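Let me begin by presenting the structure, written as structure tokens, before commenting on it.
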Amino acid sequence: MKLMFYGAAREVTGSCHGVEVNGRRILVDCGLQHGSDSGLGQNFPFHAGEIDNVVVTHAHIDHSGRLPLLVKQGFKGRIYATEPTCRLLEILLRDSAHIQELEALWRSRKQRRAGDDAAQPLYTIADAEWVFPMLIPCGYNKIIDIGDGASIRFVDAGHLLGSAHAEMWLSEGGEKKKVVFSGDIGTPGHPIIRDPGKINEADIVVIESTYGDRSRPESFDIINEFAKVIDATLSKGGNVVCPSFAVGRTQELLYHIREIKERGLVKSVPDFQVYLDSPLATAATKIYSGDLLGYLNDAAAALVRAGIEPLSFDGLRFVESSDDSKKLNDDRTPKVIISSSGMCDAGRIRHHLKHNLWRPECAVVFSGFQALGTLGRALVDETASTVPLFGEEIVIRCDIHNFRTMSAHADREGLLDWIGAFEEKPESVFVVHGERETCKSFTERLIGLGFRATAPKYSAIHDLLTGEMVFEGRDAIRREGQEPPRRDSAVYQRLMLAGTRLIEVITRNRGGSNKDLAKFADQIDSLLSKWDR
Ligand SMILES: [Zn+2]
């Protein structure tokens, strides 16, 4: 009975953990690393065909984006996720595949000009389509027996529609262990979705630490603040441009705008138009507008019961074609434009920024995390007076607002509150899914509070029965101030993965007969003497 860390650090891959019980191998999440410029770093340190099941905590790509790759490489089992997660995966994985295809096309052009072979996408839309029939939609709070001594239960994580903590009960040779995977933990009081649930019992906890080293700013009245910005901007004849993540954040903005309109908070142009300019966001909004009564919080559910559609209002327009998107820039009627990507590093939002940043009467409203190095971050930090967009230097004259309290991730206090709900301290806590320093600082905090906490390295293996780390894993993360490592060749990466797999096979042979173990050791020794040069 083992627990494996295949994506412990964000710099290595997206979220991906493994459990082995009675020979059955189960993955928990199968995420893609954001911002990777090549498929090479996305390989698995195992053979996809050896995985029996996948449990997906939520639909975000950094938790699900390598599912098509897993299937392409031979996975044939069932994928368990909540019902809304299954629906969101269909649009998000198709979109991710589309991006992979476009990137490969772009790289191919460049490589061909350099005399190299064409680049292959990590996976295609056709690969993504194979994932969908394997999805098993599950409800919250129901124990599901997945066979070979493993059962799971999803508990609402309050992070994204359908997001879950995964509880896992394992039983092998009369021994029982309960492992809880936090997935991403949300924040209480979020619109539309419910607050994160609490779990009070576990032997082992695997907890995320995205915001493990910071506290959220004081909450503020988002409806009134947003209404004030819209009112002031429209009254000057300007546009309100909202860069927004297509799934989750966009629907929250629509939810707030519906209320702003209902309460008549925008006096200057009460019947203002709102353009949702992102086909992915439109598809996600359709899912959010479906039958979700079992997943909505009380306020949203009350609206639905009263016959009110929480994301629908007069003046909401969905922009499909890119021609229609461009036409918005010629229309001088003051309006609200919601578009993607949320960090402004790609997508239609960049056109809207080009046409609005330089106009002092306009406003840009950010509502999500802006990663270092993105255009969004440069704009909220006000580090530049001009930004390059489509070959032009655009001067920044509009108002820029940053609604930071809308984050969907629990801050340090939220994480501590969540782990504090366990009635007895778990045997071990593993801290994952945070940048290096954040992971370290949150782990130290937990140790200070009396938890036996560790931040496991990439490909580490923990024996759940003996409670020891049987393989420490390797440090694939660049340290502050170090030179970036030279990119390893694809073949060398394959060799590293084979090495990682060798360690796993060794740990699986633990307790085998002396004769077999000696033979195995002899074979490895002979291989090593051949290659140790
Ligand atoms: Zn997430």
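Labels used: A, B, ... for chains in the order of the structure tokens, numbers from 1 for residues in each chain, and numbers from 1 for ligands as shown.
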Using only C-alpha atoms and all ligand atoms, find each residue of chain A with at least one atom at most 9 Å away from an atom of ligand 1; report its shortest atom-to-atom pair and that distance in Å (one decimal), sort the rows by chain and rising residue number, and return the result as CSV.
```
residue,atom,partner,partner_atom_place_in_ligand_line,distance
A:Thr57,CA,ligand 1,1 (Zn),8.8
A:His58,CA,ligand 1,1 (Zn),6.7
A:Ala59,CA,ligand 1,1 (Zn),7.4
A:His60,CA,ligand 1,1 (Zn),5.0
A:Ile61,CA,ligand 1,1 (Zn),7.8
A:Asp62,CA,ligand 1,1 (Zn),7.0
A:His63,CA,ligand 1,1 (Zn),7.0
A:His159,CA,ligand 1,1 (Zn),6.7
A:Leu160,CA,ligand 1,1 (Zn),7.0
A:Ser163,CA,ligand 1,1 (Zn),8.0
A:Gly183,CA,ligand 1,1 (Zn),7.6
A:Asp184,CA,ligand 1,1 (Zn),5.2
A:Ile185,CA,ligand 1,1 (Zn),8.1
A:Gly186,CA,ligand 1,1 (Zn),8.6
A:Ala408,CA,ligand 1,1 (Zn),7.8
A:His409,CA,ligand 1,1 (Zn),7.7
```
Report task. Write out as a VMD selection string each polymer residue whose atoms come within 12 Å of Ser321 of chain A, counting only C-alpha atoms; drop sequence neighbours fewer than 3 positions from it. Result -> chain A and resid 276 to 280 282 318 324 to 328 348
Restricted to C-alpha atoms, what would the selected residues look like written as a PDB file, in the first residue's frame?
```pdb
ATOM      1  CA  LEU A 276     -19.070  37.998 -23.006  1.00  0.00           C
ATOM      2  CA  ASP A 277     -16.304  37.669 -25.569  1.00  0.00           C
ATOM      3  CA  SER A 278     -14.926  34.151 -25.108  1.00  0.00           C
ATOM      4  CA  PRO A 279     -16.410  31.008 -26.680  1.00  0.00           C
ATOM      5  CA  LEU A 280     -15.008  28.893 -23.814  1.00  0.00           C
ATOM      6  CA  THR A 282     -19.902  30.995 -23.121  1.00  0.00           C
ATOM      7  CA  PHE A 318     -22.438  36.393 -26.226  1.00  0.00           C
ATOM      8  CA  ASP A 324     -17.763  40.149 -34.088  1.00  0.00           C
ATOM      9  CA  SER A 325     -15.137  40.479 -31.363  1.00  0.00           C
ATOM     10  CA  LYS A 326     -13.174  42.983 -33.473  1.00  0.00           C
ATOM     11  CA  LYS A 327     -16.355  44.909 -34.322  1.00  0.00           C
ATOM     12  CA  LEU A 328     -16.776  45.655 -30.605  1.00  0.00           C
ATOM     13  CA  ARG A 348      -9.182  38.147 -27.415  1.00  0.00           C
TER      14      ARG A 348
END
```
Based on DSSP run over this structure's backbone, return all residues of segment 238-318 of chain A in alpha helix (DSSP H), as a PDB file with all heavy atoms, in the first residue's frame.
```pdb
ATOM      1  N   ARG A 249     -14.489  32.321 -12.684  1.00  0.00           N
ATOM      2  CA  ARG A 249     -14.484  33.749 -12.407  1.00  0.00           C
ATOM      3  C   ARG A 249     -15.481  34.511 -13.280  1.00  0.00           C
ATOM      4  O   ARG A 249     -16.211  35.390 -12.801  1.00  0.00           O
ATOM      5  CB  ARG A 249     -13.057  34.289 -12.609  1.00  0.00           C
ATOM      6  CG  ARG A 249     -12.827  35.688 -12.131  1.00  0.00           C
ATOM      7  CD  ARG A 249     -13.276  35.931 -10.708  1.00  0.00           C
ATOM      8  NE  ARG A 249     -13.007  34.826  -9.807  1.00  0.00           N
ATOM      9  CZ  ARG A 249     -11.855  34.596  -9.210  1.00  0.00           C
ATOM     10  NH1 ARG A 249     -10.852  35.407  -9.392  1.00  0.00           N
ATOM     11  NH2 ARG A 249     -11.703  33.580  -8.398  1.00  0.00           N
ATOM     12  N   THR A 250     -15.538  34.170 -14.577  1.00  0.00           N
ATOM     13  CA  THR A 250     -16.463  34.848 -15.478  1.00  0.00           C
ATOM     14  C   THR A 250     -17.905  34.693 -14.997  1.00  0.00           C
ATOM     15  O   THR A 250     -18.684  35.655 -14.974  1.00  0.00           O
ATOM     16  CB  THR A 250     -16.318  34.271 -16.904  1.00  0.00           C
ATOM     17  OG1 THR A 250     -15.056  34.683 -17.405  1.00  0.00           O
ATOM     18  CG2 THR A 250     -17.416  34.755 -17.830  1.00  0.00           C
ATOM     19  N   GLN A 251     -18.259  33.488 -14.561  1.00  0.00           N
ATOM     20  CA  GLN A 251     -19.637  33.259 -14.108  1.00  0.00           C
ATOM     21  C   GLN A 251     -19.919  34.042 -12.816  1.00  0.00           C
ATOM     22  O   GLN A 251     -21.026  34.517 -12.608  1.00  0.00           O
ATOM     23  CB  GLN A 251     -19.873  31.762 -13.897  1.00  0.00           C
ATOM     24  CG  GLN A 251     -19.933  30.958 -15.209  1.00  0.00           C
ATOM     25  CD  GLN A 251     -18.591  30.828 -15.901  1.00  0.00           C
ATOM     26  OE1 GLN A 251     -17.558  30.692 -15.248  1.00  0.00           O
ATOM     27  NE2 GLN A 251     -18.583  30.879 -17.223  1.00  0.00           N
ATOM     28  N   GLU A 252     -18.888  34.206 -11.973  1.00  0.00           N
ATOM     29  CA  GLU A 252     -19.080  35.017 -10.759  1.00  0.00           C
ATOM     30  C   GLU A 252     -19.345  36.470 -11.128  1.00  0.00           C
ATOM     31  O   GLU A 252     -20.202  37.134 -10.538  1.00  0.00           O
ATOM     32  CB  GLU A 252     -17.838  34.931  -9.869  1.00  0.00           C
ATOM     33  CG  GLU A 252     -17.708  33.583  -9.196  1.00  0.00           C
ATOM     34  CD  GLU A 252     -16.323  33.358  -8.620  1.00  0.00           C
ATOM     35  OE1 GLU A 252     -15.593  34.350  -8.413  1.00  0.00           O
ATOM     36  OE2 GLU A 252     -15.966  32.197  -8.392  1.00  0.00           O
ATOM     37  N   LEU A 253     -18.609  36.979 -12.125  1.00  0.00           N
ATOM     38  CA  LEU A 253     -18.830  38.367 -12.554  1.00  0.00           C
ATOM     39  C   LEU A 253     -20.258  38.539 -13.077  1.00  0.00           C
ATOM     40  O   LEU A 253     -20.940  39.513 -12.748  1.00  0.00           O
ATOM     41  CB  LEU A 253     -17.812  38.773 -13.627  1.00  0.00           C
ATOM     42  CG  LEU A 253     -16.356  38.913 -13.167  1.00  0.00           C
ATOM     43  CD1 LEU A 253     -15.446  39.212 -14.354  1.00  0.00           C
ATOM     44  CD2 LEU A 253     -16.203  40.013 -12.109  1.00  0.00           C
ATOM     45  N   LEU A 254     -20.713  37.573 -13.887  1.00  0.00           N
ATOM     46  CA  LEU A 254     -22.081  37.653 -14.419  1.00  0.00           C
ATOM     47  C   LEU A 254     -23.101  37.628 -13.280  1.00  0.00           C
ATOM     48  O   LEU A 254     -24.097  38.360 -13.292  1.00  0.00           O
ATOM     49  CB  LEU A 254     -22.353  36.482 -15.381  1.00  0.00           C
ATOM     50  CG  LEU A 254     -21.539  36.468 -16.674  1.00  0.00           C
ATOM     51  CD1 LEU A 254     -21.879  35.226 -17.498  1.00  0.00           C
ATOM     52  CD2 LEU A 254     -21.785  37.730 -17.498  1.00  0.00           C
ATOM     53  N   TYR A 255     -22.832  36.782 -12.293  1.00  0.00           N
ATOM     54  CA  TYR A 255     -23.718  36.661 -11.125  1.00  0.00           C
ATOM     55  C   TYR A 255     -23.830  38.006 -10.409  1.00  0.00           C
ATOM     56  O   TYR A 255     -24.911  38.460 -10.051  1.00  0.00           O
ATOM     57  CB  TYR A 255     -23.133  35.589 -10.201  1.00  0.00           C
ATOM     58  CG  TYR A 255     -23.963  35.241  -8.998  1.00  0.00           C
ATOM     59  CD1 TYR A 255     -24.989  34.313  -9.087  1.00  0.00           C
ATOM     60  CD2 TYR A 255     -23.690  35.814  -7.756  1.00  0.00           C
ATOM     61  CE1 TYR A 255     -25.748  33.963  -7.970  1.00  0.00           C
ATOM     62  CE2 TYR A 255     -24.435  35.472  -6.633  1.00  0.00           C
ATOM     63  CZ  TYR A 255     -25.459  34.549  -6.745  1.00  0.00           C
ATOM     64  OH  TYR A 255     -26.191  34.212  -5.637  1.00  0.00           O
ATOM     65  N   HIS A 256     -22.667  38.681 -10.240  1.00  0.00           N
ATOM     66  CA  HIS A 256     -22.674  39.990  -9.578  1.00  0.00           C
ATOM     67  C   HIS A 256     -23.377  41.045 -10.445  1.00  0.00           C
ATOM     68  O   HIS A 256     -24.104  41.891  -9.931  1.00  0.00           O
ATOM     69  CB  HIS A 256     -21.245  40.454  -9.290  1.00  0.00           C
ATOM     70  CG  HIS A 256     -20.559  39.625  -8.245  1.00  0.00           C
ATOM     71  ND1 HIS A 256     -21.177  39.203  -7.102  1.00  0.00           N
ATOM     72  CD2 HIS A 256     -19.288  39.144  -8.183  1.00  0.00           C
ATOM     73  CE1 HIS A 256     -20.330  38.500  -6.369  1.00  0.00           C
ATOM     74  NE2 HIS A 256     -19.180  38.443  -7.002  1.00  0.00           N
ATOM     75  N   ILE A 257     -23.139  41.007 -11.752  1.00  0.00           N
ATOM     76  CA  ILE A 257     -23.743  42.025 -12.631  1.00  0.00           C
ATOM     77  C   ILE A 257     -25.274  41.882 -12.632  1.00  0.00           C
ATOM     78  O   ILE A 257     -25.998  42.877 -12.642  1.00  0.00           O
ATOM     79  CB  ILE A 257     -23.164  41.953 -14.067  1.00  0.00           C
ATOM     80  CG1 ILE A 257     -21.670  42.299 -14.043  1.00  0.00           C
ATOM     81  CG2 ILE A 257     -23.904  42.905 -15.009  1.00  0.00           C
ATOM     82  CD1 ILE A 257     -20.946  42.084 -15.367  1.00  0.00           C
ATOM     83  N   ARG A 258     -25.756  40.630 -12.591  1.00  0.00           N
ATOM     84  CA  ARG A 258     -27.215  40.439 -12.540  1.00  0.00           C
ATOM     85  C   ARG A 258     -27.794  41.167 -11.318  1.00  0.00           C
ATOM     86  O   ARG A 258     -28.772  41.896 -11.412  1.00  0.00           O
ATOM     87  CB  ARG A 258     -27.568  38.946 -12.474  1.00  0.00           C
ATOM     88  CG  ARG A 258     -29.057  38.650 -12.688  1.00  0.00           C
ATOM     89  CD  ARG A 258     -29.518  37.400 -11.974  1.00  0.00           C
ATOM     90  NE  ARG A 258     -29.408  37.542 -10.522  1.00  0.00           N
ATOM     91  CZ  ARG A 258     -30.311  38.141  -9.746  1.00  0.00           C
ATOM     92  NH1 ARG A 258     -31.413  38.632 -10.282  1.00  0.00           N
ATOM     93  NH2 ARG A 258     -30.118  38.260  -8.447  1.00  0.00           N
ATOM     94  N   GLU A 259     -27.092  41.020 -10.187  1.00  0.00           N
ATOM     95  CA  GLU A 259     -27.578  41.667  -8.954  1.00  0.00           C
ATOM     96  C   GLU A 259     -27.457  43.191  -9.048  1.00  0.00           C
ATOM     97  O   GLU A 259     -28.348  43.928  -8.626  1.00  0.00           O
ATOM     98  CB  GLU A 259     -26.812  41.133  -7.733  1.00  0.00           C
ATOM     99  CG  GLU A 259     -27.410  41.648  -6.440  1.00  0.00           C
ATOM    100  CD  GLU A 259     -26.799  41.043  -5.181  1.00  0.00           C
ATOM    101  OE1 GLU A 259     -26.219  39.937  -5.260  1.00  0.00           O
ATOM    102  OE2 GLU A 259     -26.906  41.707  -4.128  1.00  0.00           O
ATOM    103  N   ILE A 260     -26.344  43.657  -9.639  1.00  0.00           N
ATOM    104  CA  ILE A 260     -26.143  45.103  -9.811  1.00  0.00           C
ATOM    105  C   ILE A 260     -27.293  45.692 -10.627  1.00  0.00           C
ATOM    106  O   ILE A 260     -27.852  46.748 -10.311  1.00  0.00           O
ATOM    107  CB  ILE A 260     -24.772  45.378 -10.494  1.00  0.00           C
ATOM    108  CG1 ILE A 260     -23.643  45.103  -9.496  1.00  0.00           C
ATOM    109  CG2 ILE A 260     -24.696  46.793 -11.067  1.00  0.00           C
ATOM    110  CD1 ILE A 260     -22.242  45.086 -10.099  1.00  0.00           C
ATOM    111  N   LYS A 261     -27.677  44.969 -11.681  1.00  0.00           N
ATOM    112  CA  LYS A 261     -28.773  45.443 -12.537  1.00  0.00           C
ATOM    113  C   LYS A 261     -30.106  45.393 -11.784  1.00  0.00           C
ATOM    114  O   LYS A 261     -30.898  46.330 -11.836  1.00  0.00           O
ATOM    115  CB  LYS A 261     -28.856  44.575 -13.798  1.00  0.00           C
ATOM    116  CG  LYS A 261     -27.714  44.836 -14.770  1.00  0.00           C
ATOM    117  CD  LYS A 261     -28.162  44.566 -16.185  1.00  0.00           C
ATOM    118  CE  LYS A 261     -27.157  45.100 -17.176  1.00  0.00           C
ATOM    119  NZ  LYS A 261     -27.791  45.560 -18.414  1.00  0.00           N
ATOM    120  N   GLU A 262     -30.324  44.288 -11.072  1.00  0.00           N
ATOM    121  CA  GLU A 262     -31.599  44.136 -10.350  1.00  0.00           C
ATOM    122  C   GLU A 262     -31.773  45.238  -9.304  1.00  0.00           C
ATOM    123  O   GLU A 262     -32.852  45.790  -9.138  1.00  0.00           O
ATOM    124  CB  GLU A 262     -31.636  42.760  -9.664  1.00  0.00           C
ATOM    125  CG  GLU A 262     -32.981  42.449  -9.004  1.00  0.00           C
ATOM    126  CD  GLU A 262     -32.886  41.215  -8.120  1.00  0.00           C
ATOM    127  OE1 GLU A 262     -32.197  41.276  -7.067  1.00  0.00           O
ATOM    128  OE2 GLU A 262     -33.467  40.194  -8.478  1.00  0.00           O
ATOM    129  N   PRO A 279     -15.574  32.195 -26.425  1.00  0.00           N
ATOM    130  CA  PRO A 279     -16.410  31.008 -26.680  1.00  0.00           C
ATOM    131  C   PRO A 279     -16.322  29.980 -25.547  1.00  0.00           C
ATOM    132  O   PRO A 279     -17.321  29.352 -25.199  1.00  0.00           O
ATOM    133  CB  PRO A 279     -15.822  30.440 -27.979  1.00  0.00           C
ATOM    134  CG  PRO A 279     -15.187  31.618 -28.652  1.00  0.00           C
ATOM    135  CD  PRO A 279     -14.661  32.476 -27.544  1.00  0.00           C
ATOM    136  N   LEU A 280     -15.136  29.850 -24.918  1.00  0.00           N
ATOM    137  CA  LEU A 280     -15.008  28.893 -23.814  1.00  0.00           C
ATOM    138  C   LEU A 280     -15.862  29.344 -22.618  1.00  0.00           C
ATOM    139  O   LEU A 280     -16.557  28.539 -21.999  1.00  0.00           O
ATOM    140  CB  LEU A 280     -13.530  28.745 -23.408  1.00  0.00           C
ATOM    141  CG  LEU A 280     -13.247  27.803 -22.238  1.00  0.00           C
ATOM    142  CD1 LEU A 280     -13.677  26.373 -22.560  1.00  0.00           C
ATOM    143  CD2 LEU A 280     -11.763  27.826 -21.863  1.00  0.00           C
ATOM    144  N   ALA A 281     -15.814  30.660 -22.330  1.00  0.00           N
ATOM    145  CA  ALA A 281     -16.615  31.190 -21.217  1.00  0.00           C
ATOM    146  C   ALA A 281     -18.103  31.012 -21.494  1.00  0.00           C
ATOM    147  O   ALA A 281     -18.883  30.722 -20.591  1.00  0.00           O
ATOM    148  CB  ALA A 281     -16.285  32.664 -20.990  1.00  0.00           C
ATOM    149  N   THR A 282     -18.494  31.176 -22.758  1.00  0.00           N
ATOM    150  CA  THR A 282     -19.902  30.995 -23.121  1.00  0.00           C
ATOM    151  C   THR A 282     -20.324  29.545 -22.880  1.00  0.00           C
ATOM    152  O   THR A 282     -21.378  29.277 -22.295  1.00  0.00           O
ATOM    153  CB  THR A 282     -20.119  31.388 -24.603  1.00  0.00           C
ATOM    154  OG1 THR A 282     -19.749  32.761 -24.740  1.00  0.00           O
ATOM    155  CG2 THR A 282     -21.554  31.203 -25.032  1.00  0.00           C
ATOM    156  N   ALA A 283     -19.457  28.605 -23.299  1.00  0.00           N
ATOM    157  CA  ALA A 283     -19.763  27.181 -23.093  1.00  0.00           C
ATOM    158  C   ALA A 283     -19.840  26.873 -21.596  1.00  0.00           C
ATOM    159  O   ALA A 283     -20.734  26.147 -21.142  1.00  0.00           O
ATOM    160  CB  ALA A 283     -18.687  26.317 -23.758  1.00  0.00           C
ATOM    161  N   ALA A 284     -18.924  27.452 -20.814  1.00  0.00           N
ATOM    162  CA  ALA A 284     -18.928  27.208 -19.363  1.00  0.00           C
ATOM    163  C   ALA A 284     -20.182  27.805 -18.727  1.00  0.00           C
ATOM    164  O   ALA A 284     -20.778  27.215 -17.829  1.00  0.00           O
ATOM    165  CB  ALA A 284     -17.677  27.803 -18.731  1.00  0.00           C
ATOM    166  N   THR A 285     -20.597  28.983 -19.222  1.00  0.00           N
ATOM    167  CA  THR A 285     -21.788  29.636 -18.666  1.00  0.00           C
ATOM    168  C   THR A 285     -23.025  28.763 -18.905  1.00  0.00           C
ATOM    169  O   THR A 285     -23.911  28.681 -18.057  1.00  0.00           O
ATOM    170  CB  THR A 285     -21.959  31.042 -19.277  1.00  0.00           C
ATOM    171  OG1 THR A 285     -20.760  31.772 -19.022  1.00  0.00           O
ATOM    172  CG2 THR A 285     -23.134  31.782 -18.674  1.00  0.00           C
ATOM    173  N   LYS A 286     -23.059  28.082 -20.051  1.00  0.00           N
ATOM    174  CA  LYS A 286     -24.183  27.155 -20.326  1.00  0.00           C
ATOM    175  C   LYS A 286     -24.202  26.042 -19.281  1.00  0.00           C
ATOM    176  O   LYS A 286     -25.259  25.658 -18.788  1.00  0.00           O
ATOM    177  CB  LYS A 286     -24.036  26.548 -21.734  1.00  0.00           C
ATOM    178  CG  LYS A 286     -24.581  27.451 -22.801  1.00  0.00           C
ATOM    179  CD  LYS A 286     -24.716  26.748 -24.145  1.00  0.00           C
ATOM    180  CE  LYS A 286     -24.904  27.798 -25.231  1.00  0.00           C
ATOM    181  NZ  LYS A 286     -23.891  27.735 -26.292  1.00  0.00           N
ATOM    182  N   ILE A 287     -23.019  25.521 -18.933  1.00  0.00           N
ATOM    183  CA  ILE A 287     -22.959  24.450 -17.922  1.00  0.00           C
ATOM    184  C   ILE A 287     -23.404  24.993 -16.567  1.00  0.00           C
ATOM    185  O   ILE A 287     -24.180  24.369 -15.856  1.00  0.00           O
ATOM    186  CB  ILE A 287     -21.535  23.863 -17.856  1.00  0.00           C
ATOM    187  CG1 ILE A 287     -21.242  23.120 -19.166  1.00  0.00           C
ATOM    188  CG2 ILE A 287     -21.375  22.937 -16.658  1.00  0.00           C
ATOM    189  CD1 ILE A 287     -19.817  22.648 -19.315  1.00  0.00           C
ATOM    190  N   TYR A 288     -22.945  26.197 -16.231  1.00  0.00           N
ATOM    191  CA  TYR A 288     -23.335  26.828 -14.961  1.00  0.00           C
ATOM    192  C   TYR A 288     -24.837  27.144 -14.924  1.00  0.00           C
ATOM    193  O   TYR A 288     -25.394  27.377 -13.861  1.00  0.00           O
ATOM    194  CB  TYR A 288     -22.550  28.133 -14.753  1.00  0.00           C
ATOM    195  CG  TYR A 288     -21.250  27.974 -13.999  1.00  0.00           C
ATOM    196  CD1 TYR A 288     -20.130  27.419 -14.612  1.00  0.00           C
ATOM    197  CD2 TYR A 288     -21.128  28.380 -12.673  1.00  0.00           C
ATOM    198  CE1 TYR A 288     -18.928  27.285 -13.921  1.00  0.00           C
ATOM    199  CE2 TYR A 288     -19.927  28.255 -11.980  1.00  0.00           C
ATOM    200  CZ  TYR A 288     -18.837  27.706 -12.615  1.00  0.00           C
ATOM    201  OH  TYR A 288     -17.655  27.578 -11.939  1.00  0.00           O
ATOM    202  N   ASP A 298     -26.833  28.467  -0.993  1.00  0.00           N
ATOM    203  CA  ASP A 298     -28.234  28.764  -0.677  1.00  0.00           C
ATOM    204  C   ASP A 298     -28.776  29.951  -1.478  1.00  0.00           C
ATOM    205  O   ASP A 298     -29.895  29.913  -1.984  1.00  0.00           O
ATOM    206  CB  ASP A 298     -28.391  29.053   0.825  1.00  0.00           C
ATOM    207  CG  ASP A 298     -28.184  27.786   1.637  1.00  0.00           C
ATOM    208  OD1 ASP A 298     -28.140  26.695   1.015  1.00  0.00           O
ATOM    209  OD2 ASP A 298     -28.038  27.879   2.875  1.00  0.00           O
ATOM    210  N   ALA A 299     -27.948  31.013  -1.608  1.00  0.00           N
ATOM    211  CA  ALA A 299     -28.433  32.218  -2.293  1.00  0.00           C
ATOM    212  C   ALA A 299     -28.728  31.930  -3.764  1.00  0.00           C
ATOM    213  O   ALA A 299     -29.775  32.335  -4.294  1.00  0.00           O
ATOM    214  CB  ALA A 299     -27.388  33.333  -2.166  1.00  0.00           C
ATOM    215  N   ALA A 300     -27.802  31.209  -4.423  1.00  0.00           N
ATOM    216  CA  ALA A 300     -28.006  30.904  -5.844  1.00  0.00           C
ATOM    217  C   ALA A 300     -29.173  29.940  -6.015  1.00  0.00           C
ATOM    218  O   ALA A 300     -29.986  30.087  -6.941  1.00  0.00           O
ATOM    219  CB  ALA A 300     -26.725  30.322  -6.447  1.00  0.00           C
ATOM    220  N   ALA A 301     -29.275  28.949  -5.105  1.00  0.00           N
ATOM    221  CA  ALA A 301     -30.371  27.975  -5.197  1.00  0.00           C
ATOM    222  C   ALA A 301     -31.722  28.679  -4.995  1.00  0.00           C
ATOM    223  O   ALA A 301     -32.705  28.346  -5.660  1.00  0.00           O
ATOM    224  CB  ALA A 301     -30.182  26.871  -4.168  1.00  0.00           C
ATOM    225  N   ALA A 302     -31.766  29.696  -4.088  1.00  0.00           N
ATOM    226  CA  ALA A 302     -33.019  30.424  -3.835  1.00  0.00           C
ATOM    227  C   ALA A 302     -33.460  31.157  -5.106  1.00  0.00           C
ATOM    228  O   ALA A 302     -34.657  31.204  -5.426  1.00  0.00           O
ATOM    229  CB  ALA A 302     -32.829  31.407  -2.683  1.00  0.00           C
ATOM    230  N   LEU A 303     -32.478  31.726  -5.845  1.00  0.00           N
ATOM    231  CA  LEU A 303     -32.817  32.410  -7.103  1.00  0.00           C
ATOM    232  C   LEU A 303     -33.450  31.415  -8.077  1.00  0.00           C
ATOM    233  O   LEU A 303     -34.486  31.690  -8.685  1.00  0.00           O
ATOM    234  CB  LEU A 303     -31.556  33.003  -7.749  1.00  0.00           C
ATOM    235  CG  LEU A 303     -30.918  34.222  -7.078  1.00  0.00           C
ATOM    236  CD1 LEU A 303     -29.642  34.607  -7.820  1.00  0.00           C
ATOM    237  CD2 LEU A 303     -31.889  35.410  -7.085  1.00  0.00           C
ATOM    238  N   VAL A 304     -32.806  30.247  -8.218  1.00  0.00           N
ATOM    239  CA  VAL A 304     -33.301  29.241  -9.159  1.00  0.00           C
ATOM    240  C   VAL A 304     -34.723  28.828  -8.768  1.00  0.00           C
ATOM    241  O   VAL A 304     -35.614  28.749  -9.620  1.00  0.00           O
ATOM    242  CB  VAL A 304     -32.359  28.014  -9.201  1.00  0.00           C
ATOM    243  CG1 VAL A 304     -32.951  26.892 -10.051  1.00  0.00           C
ATOM    244  CG2 VAL A 304     -30.989  28.418  -9.753  1.00  0.00           C
ATOM    245  N   ARG A 305     -34.945  28.608  -7.455  1.00  0.00           N
ATOM    246  CA  ARG A 305     -36.285  28.181  -6.999  1.00  0.00           C
ATOM    247  C   ARG A 305     -37.326  29.267  -7.260  1.00  0.00           C
ATOM    248  O   ARG A 305     -38.488  28.980  -7.503  1.00  0.00           O
ATOM    249  CB  ARG A 305     -36.261  27.837  -5.512  1.00  0.00           C
ATOM    250  CG  ARG A 305     -35.523  26.543  -5.271  1.00  0.00           C
ATOM    251  CD  ARG A 305     -35.961  25.850  -3.982  1.00  0.00           C
ATOM    252  NE  ARG A 305     -35.100  24.707  -3.760  1.00  0.00           N
ATOM    253  CZ  ARG A 305     -33.931  24.769  -3.115  1.00  0.00           C
ATOM    254  NH1 ARG A 305     -33.509  25.909  -2.598  1.00  0.00           N
ATOM    255  NH2 ARG A 305     -33.192  23.684  -2.984  1.00  0.00           N
TER     256      ARG A 305
END
```
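For segment 136-145 of chain A, the non-local neighbours within 10 Å, defined as residues at least 5 positions apart in the same chain or in other chains and counting only C-alpha atoms, are Val55, Arg78, Ile79, Tyr80, Ala81, Thr82, Glu83, Pro84, Thr85, Cys86, Arg87, Ala150, Ser151, Ile152, Arg153, Phe154, Val155, Asp156, Gly162, Ser163, Ala164, His165, Ala166, Glu167, Met168, Trp169, Gly294 and Tyr295 of chain A.
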Report task. Compare A:Ile125, A:Leu497, A:Leu353, A:Val491 by their minimum atom-to-atom distance to Glu392 of chain A, counting only C-alpha atoms, and give me the closest one. Result ->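 Answer, going by the shortest atom-to-atom distance: A:Leu353.
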Requested in this report: Excluding Ile99 of chain A and residues on its chain fewer than 4 positions from it, collect all residues at most 10 Å away from it, counting only C-alpha atoms, and give them as a ChimeraX atom specification.
Outcome: /A:93-95,103-105,121-125
Query raised in the report: What does the distance from atom CA of Asp271 of chain A to atom CA of Pro310 of chain A come to in Å, to one decimal?
Result: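 Taking atom CA of Asp271 of chain A and atom CA of Pro310 of chain A, their separation equals 17.4 Å.
The residue that comes closest to Leu135 of chain A, out of A:Asn53, A:Thr233, A:Ser513, A:Ser215 and on the basis of only C-alpha atoms, is A:Asn53.
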Report task. Going by DSSP on the backbone, which bits of segment 241-396 of chain A are strand (DSSP E)? Write them as a PyMOL selection string, please. Result -> chain A and resi 241-243+274-277+316-318+336-339+363-366+386-389+392-395
